[in-house]
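Okay, structure first, notes after.
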Amino acid sequence: MAEPDPDTISSGAGQRLGAPETLGISTLDPGHRPPAMPPGRHVTVRVRMLDDTEELFDISQKASGKVLFDLVCSHMNLIEGDYFGLEFQNQQKMMVWLDHIKPIIKQLRRPKHTILRFSVKFFPPDHAQLLEELTRYLFALQIKQDLFCGRLTCNDTSAALMVSYIIQSEIGDFEESQCRSHLLNNNYIPDQMPLIDKIMEFHSKNIGQTPAESDCHLLEVARRLEMYGIRLHPAKDREGTKLSLTVAHTGVLVFQVSLKSVQCKVVNSSSYQDTLEFLMPSRDCCKVFWKICVEYHAFFRLFEEPKPKPKPVLFSRGSSFRFSGRTQKQVIEYVKESEFKKIPFESCLTLSCIVFSSHYGHLWLRAGVVSNSPHLSASSGHSHGMVNGQKLLDLCSHSPDGRLPSPLTSPLLNDACSVRTDDEDEVRRKRFPTDRAYFIAKELLTTERTYVKDLEVVTSFQSAVGQDEATPDSLKDAIFSTFEPLHKFHTGFLREVEQRLALWEGRSNAHIKGDYQRIGDVLLKNLQGLKPLTANLSKQSEILLELEKACKASRRLEGLCRDFELQKVCYIPLNVFILRPLHRLIHYKQILERLCKHYPATHVDFRDCRAALADVSEVVDQLQGSLIKMENLQKLLELKKDLIGVDNLVVPGREFIRLGCLSKLSGKGLQQRMFFLFDDVILYTSRGMTATNQFKVHGQLPLHGMTVSAVHSVHLCVFSSSSLVEMDKWMEDVKMAIEMAKTSNGPSSELLTSSLTDNKCPEDSSVEAESEDDMTAPHVSLEKPTPHRGNTMVHVCWHRNTSVSMVDFSIAVENQLSGNLLRKFKNSNGWQKLWVVFTNFSLFFYKSHQDDYPLASLPLLGYSVTVPSESENIHKDYVFKLHFKSHVYYFRSESEYTFERWMEVIRSATVPSSRARGLNGKETHA
């Protein structure tokens, strides 16, 4: 039997419930107390849910509508409740939405005799914007209702396809006699009998789909229908022609009586000449429709909830009605922030019952006989730190789908993951030297340890693929001849640095000689020995291209590379490791520059440091031009793995400039999109629903002939950034890229992809405007695709709603740092000692420098680094604070120098730089 979905429990008829939370007001748990109610008379309100069951809620008549709505959402443990509402029939026999601001007593004249329906209120254009599976399930129930009552009209093919997904969710995989019997006894659409054979044909193709996958397919088909989310309101135009009006995320839509869609322009905020007048049956009808327009506009178009109007001193003019609640943008941001704080639970399906376990107890659903409303009975008990036999610690270390938790959120390492320390380390450190030169030398030691580990990753990769016949001999020889000698050399170099630092720290009698407090002689000797090995470093791009070419030619080798890159030891993209030797030379140069700046000319170590600096600077200057080109090539190869729908991203002459998250204004409103700016084209994409976590390309905008204005408009496409700072970065880079495209003979954007025709982009037409006849195959593939690492910078930018440029990437790899830090959470008392590596805009946490792979990672984009204030009571020296929204971490370093260095490198990631060099790569970093 297939393992049940861990996020839901199924009664066999699609009745799925979310996990109970401490805020839930569950009728199944008599021990729960509801939140405090406003004083006054209490009434029992009846709410009919989307699965046609009814729930009773005890509430004060003086309570606002929002209090009741929050009770309903808490009862279902619904996080994305803002898409829903409570509707009821008022005294004028009109269906209206419960106002969140007004008291219950002013809306429900007879609360005991009024049934409120919990329904979908706001229909987003893309179900991918619904981040919770429970939300998608409730939307699927709404679609099921709309189909049944004939509100969601469509052709027979679409209707049969949607019903096949519904019954796949309810009865499971196709079995002919069972399916036919079920359809004969249950109606899903009007006049279902002639379509039974077609429904069964589609159902037979759904084998293996889980209820959650079926819900996604159902919503994917439904959202493309003309009548999706449509609620018609009768009206007339000036000539008296009968029409129907509806409100959608795009604005007001006008339908003729024949239901043939006639979309029209709504009132434009910048021009009042496009005003259209409609006559509604009554003043009440007009006001109801106006309220819906106000709420739809606020929810889909505003960034935050509008503030209430100030109360008038004497007389009030106009309606006081306003939208109350979070906007769609705020909902998405909130769910993303709390995405990995969910209470984990599992379900186990047997023939007689379904067992649901959580931190708070057990619920039993009798499911011996499938029905639309299975009997629910309450039970008690606690799991005592166990969930279905697993320790809570184990469950917290995995996401609900069995994969490791995304490092896009803060790593919540616990005591079992690292060694707790105290002030004994501080006492021990006081015995060591406090000279700044010592800590500069120690940085050389700590970063060299990480560098040797990184070289071992490449040599391990060479061993992993070197034995396979699919690996060309030329590729084997290139990797072996470059990295084996480097690994051997730097292993010896690290040993010498460790010995020198041990002497410097006074752990032997060498201090008697008086020549132990120096590092320049070790650096000079080894950098001169390294020179012969740097001759081949300018050919690193050949290794990158050879590897890419070999993977294209051999699917087996491509699989071997992908599997290796998914291993924990390969904590950053493999191609970044291949460029490590070039970046390490820059690190040596930076360390020597600090030493020469610190030493007086008379110091015993100054002459060796200056000579070593001259040697390494010569090599770096020779390789600088090729390094810029190789970094660009590496980034193109990395981005290629994150994108779906691009044929020829990596071509000679193309330069990557910036990637980031923007909102694109289309016919469906503001849509979150990931943008990729190159020197010849802009790609815009959305994240797919598949397990690959890749981004699907929606369209491309060639830069030749493009113009950009200060209102975010590019080639008649309107983009919205998250802040003025982000807007300035995009404006600067796009303008520069357009100027370059005027005189450039670079690659043609037509080479990017042959499958995209959306070069005009006004409505995402090539992606969204599909006919119903094309819906027989699901557009959202939920099969098990090839694995893909989902923690790249593209995903970080998507979650953090920010952007980074190629300049930022180049600066980040040059600002690497390693060392021991003490880490403390916001509400914890003790400090934990961790080995921390900063690279690729992220902090990677290890128990010690000897570990082969990190315990967790923390991407820093969006974070701020500051010094704790007095009110935070961090009475320690050299402490810096990292914070992003509600995530706060404190880190202690061992000296003023290391404190400054950590602050410096972290700021390079948390505050992406402005353009520091030209796109032609001729200038150096600022």
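In the structure tokens, each chain is lettered A, B, ... as it comes, each chain's residues begin at 1, and ligands are numbered from 1 in order of appearance.
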Cut-off 8 Å: closest stretch 481-584 of chain A/stretch 450-471 of chain A atom pairs per residue, using only C-alpha atoms, as a Markdown table:
| residue | atom | partner | partner_atom | distance |
| --- | --- | --- | --- | --- |
| A:Phe483 | CA | A:Thr459 | CA | 6.6 |
| A:Glu484 | CA | A:Thr459 | CA | 6.7 |
| A:Leu486 | CA | A:Leu455 | CA | 7.8 |
| A:His487 | CA | A:Leu455 | CA | 5.9 |
| A:His490 | CA | A:Val452 | CA | 6.5 |
| A:Thr491 | CA | A:Val452 | CA | 6.6 |
| A:Ala550 | CA | A:Thr471 | CA | 7.0 |
| A:Ser554 | CA | A:Ala470 | CA | 6.4 |
| A:Arg556 | CA | A:Ala470 | CA | 6.8 |
| A:Leu557 | CA | A:Ala470 | CA | 5.7 |
| A:Leu560 | CA | A:Val465 | CA | 6.9 |
| A:Cys561 | CA | A:Val465 | CA | 7.7 |
| A:Phe564 | CA | A:Phe461 | CA | 7.1 |
| A:Val569 | CA | A:Val457 | CA | 7.0 |
| A:Cys570 | CA | A:Val457 | CA | 6.8 |
| A:Leu574 | CA | A:Val458 | CA | 7.9 |
| A:Phe577 | CA | A:Asp454 | CA | 6.4 |
| A:Ile578 | CA | A:Val458 | CA | 7.0 |
| A:Arg580 | CA | A:Tyr451 | CA | 7.7 |
| A:Arg584 | CA | A:Tyr451 | CA | 7.7 |
Save out the residues we just selected, N, CA and C atoms, as an mmCIF file, in the first residue's frame.
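Output below, filename part_7.cif:
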data_model
loop_
_atom_site.group_PDB
_atom_site.id
_atom_site.type_symbol
_atom_site.label_atom_id
_atom_site.label_comp_id
_atom_site.auth_asym_id
_atom_site.auth_seq_id
_atom_site.Cartn_x
_atom_site.Cartn_y
_atom_site.Cartn_z
ATOM 1 N N PHE A 483 44.293 19.071 -9.691
ATOM 2 C CA PHE A 483 43.897 19.095 -8.283
ATOM 3 C C PHE A 483 44.689 18.145 -7.389
ATOM 4 N N GLU A 484 45.179 17.045 -7.911
ATOM 5 C CA GLU A 484 45.983 16.161 -7.064
ATOM 6 C C GLU A 484 47.263 16.837 -6.577
ATOM 7 N N LEU A 486 47.789 20.050 -6.297
ATOM 8 C CA LEU A 486 47.392 21.136 -5.409
ATOM 9 C C LEU A 486 47.036 20.612 -4.025
ATOM 10 N N HIS A 487 46.308 19.514 -3.976
ATOM 11 C CA HIS A 487 45.921 18.950 -2.678
ATOM 12 C C HIS A 487 47.153 18.499 -1.900
ATOM 13 N N HIS A 490 49.068 21.756 -0.655
ATOM 14 C CA HIS A 490 48.435 22.529 0.402
ATOM 15 C C HIS A 490 48.279 21.733 1.697
ATOM 16 N N THR A 491 48.280 20.422 1.596
ATOM 17 C CA THR A 491 48.298 19.627 2.823
ATOM 18 C C THR A 491 49.594 19.868 3.590
ATOM 19 N N ALA A 550 30.888 16.678 -21.546
ATOM 20 C CA ALA A 550 30.819 15.239 -21.260
ATOM 21 C C ALA A 550 29.462 14.859 -20.683
ATOM 22 N N SER A 554 26.729 12.129 -22.220
ATOM 23 C CA SER A 554 26.468 10.898 -21.473
ATOM 24 C C SER A 554 25.469 11.156 -20.356
ATOM 25 N N ARG A 556 24.565 8.965 -18.276
ATOM 26 C CA ARG A 556 25.074 8.286 -17.078
ATOM 27 C C ARG A 556 26.016 9.199 -16.298
ATOM 28 N N LEU A 557 26.929 9.863 -17.000
ATOM 29 C CA LEU A 557 27.849 10.773 -16.328
ATOM 30 C C LEU A 557 27.094 11.944 -15.723
ATOM 31 N N LEU A 560 25.774 10.749 -12.519
ATOM 32 C CA LEU A 560 26.820 10.629 -11.505
ATOM 33 C C LEU A 560 27.174 11.999 -10.921
ATOM 34 N N CYS A 561 27.282 12.998 -11.788
ATOM 35 C CA CYS A 561 27.602 14.350 -11.310
ATOM 36 C C CYS A 561 26.485 14.900 -10.440
ATOM 37 N N PHE A 564 26.524 13.209 -7.045
ATOM 38 C CA PHE A 564 27.623 13.693 -6.210
ATOM 39 C C PHE A 564 27.313 15.072 -5.650
ATOM 40 N N VAL A 569 28.624 16.486 1.504
ATOM 41 C CA VAL A 569 29.983 17.022 1.457
ATOM 42 C C VAL A 569 30.098 18.127 0.404
ATOM 43 N N CYS A 570 29.251 18.057 -0.638
ATOM 44 C CA CYS A 570 29.260 19.066 -1.700
ATOM 45 C C CYS A 570 28.272 20.164 -1.303
ATOM 46 N N LEU A 574 29.179 22.319 -7.352
ATOM 47 C CA LEU A 574 30.456 21.679 -7.674
ATOM 48 C C LEU A 574 31.370 22.599 -8.462
ATOM 49 N N PHE A 577 33.714 24.788 -6.480
ATOM 50 C CA PHE A 577 34.923 24.137 -5.967
ATOM 51 C C PHE A 577 36.038 24.142 -7.010
ATOM 52 N N ILE A 578 35.661 24.010 -8.269
ATOM 53 C CA ILE A 578 36.682 23.952 -9.328
ATOM 54 C C ILE A 578 37.429 25.275 -9.454
ATOM 55 N N ARG A 580 38.028 27.247 -6.857
ATOM 56 C CA ARG A 580 38.606 27.579 -5.569
ATOM 57 C C ARG A 580 40.109 27.948 -5.632
ATOM 58 N N ARG A 584 41.668 31.300 -3.978
ATOM 59 C CA ARG A 584 42.579 31.179 -2.834
ATOM 60 C C ARG A 584 43.792 32.088 -3.007
#
- Contact residues around stretch 527-538 of chain A with only C-alpha atoms at 12 Å, ignoring same-chain residues under 6 positions, as a PyMOL selection string: chain A and resi 478-490+492-493+520-521+544+578-585+588-589+592+608-609+611-631
- Item | Polymer residues at most 7 Å from A:Ala812, only C-alpha atoms, same-chain spacing of 2 or more positions, as number ranges by chain | A: 808-810, 814-816, 839-841, 908-909
- Expressed in Å to a single decimal, how great is the separation between atom CA of A:Glu132 and atom CA of A:Ala248? 21.9 Å
- Task: For stretch 179-188 of chain A, list every protein, DNA or RNA residue within 8 Å, evaluated using only C-alpha atoms, and leave out those in the same chain fewer than 6 positions away; present the list as a PyMOL selection string.
- Result: chain A and resi 144+147-148+163+196+200
Atoms to include: all heavy atoms. Write the selected residues as a compact mmCIF listing (two decimals), in the first residue's frame.
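See result_8.txt below for the written result:
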# COMPACT_ATOMS: atom_id res chain seq x y z
N LYS A 144 -15.18 21.67 -6.51
CA LYS A 144 -16.13 20.56 -6.55
C LYS A 144 -17.56 21.06 -6.38
O LYS A 144 -18.47 20.64 -7.11
CB LYS A 144 -15.78 19.56 -5.44
CG LYS A 144 -16.71 18.36 -5.35
CD LYS A 144 -16.30 17.46 -4.20
CE LYS A 144 -17.31 16.34 -3.98
NZ LYS A 144 -16.94 15.48 -2.82
N LEU A 147 -18.64 23.02 -9.56
CA LEU A 147 -18.98 22.11 -10.65
C LEU A 147 -20.36 21.51 -10.46
O LEU A 147 -21.17 21.42 -11.38
CB LEU A 147 -17.93 20.99 -10.74
CG LEU A 147 -16.63 21.28 -11.48
CD1 LEU A 147 -15.66 20.12 -11.30
CD2 LEU A 147 -16.90 21.50 -12.96
N PHE A 148 -20.64 21.08 -9.23
CA PHE A 148 -21.90 20.39 -8.94
C PHE A 148 -23.11 21.30 -9.17
O PHE A 148 -24.14 20.87 -9.72
CB PHE A 148 -21.88 19.88 -7.50
CG PHE A 148 -23.15 19.22 -7.08
CD1 PHE A 148 -23.46 17.93 -7.51
CD2 PHE A 148 -24.08 19.87 -6.27
CE1 PHE A 148 -24.64 17.31 -7.14
CE2 PHE A 148 -25.26 19.27 -5.89
CZ PHE A 148 -25.55 17.97 -6.32
N VAL A 163 -13.47 15.91 -12.90
CA VAL A 163 -14.13 14.88 -12.09
C VAL A 163 -13.19 13.70 -11.86
O VAL A 163 -13.17 13.10 -10.78
CB VAL A 163 -15.44 14.43 -12.76
CG1 VAL A 163 -16.04 13.24 -12.00
CG2 VAL A 163 -16.44 15.57 -12.81
N ILE A 196 -19.73 9.47 -18.28
CA ILE A 196 -19.12 8.49 -17.37
C ILE A 196 -17.95 7.78 -18.02
O ILE A 196 -16.89 7.60 -17.41
CB ILE A 196 -20.19 7.49 -16.88
CG1 ILE A 196 -21.08 8.16 -15.84
CG2 ILE A 196 -19.54 6.25 -16.28
CD1 ILE A 196 -22.12 7.24 -15.23
N MET A 200 -14.08 7.87 -16.70
CA MET A 200 -13.34 6.64 -16.36
C MET A 200 -12.04 6.54 -17.16
O MET A 200 -11.01 6.09 -16.65
CB MET A 200 -14.22 5.42 -16.61
CG MET A 200 -15.41 5.33 -15.66
SD MET A 200 -16.50 3.94 -16.03
CE MET A 200 -15.38 2.56 -15.77
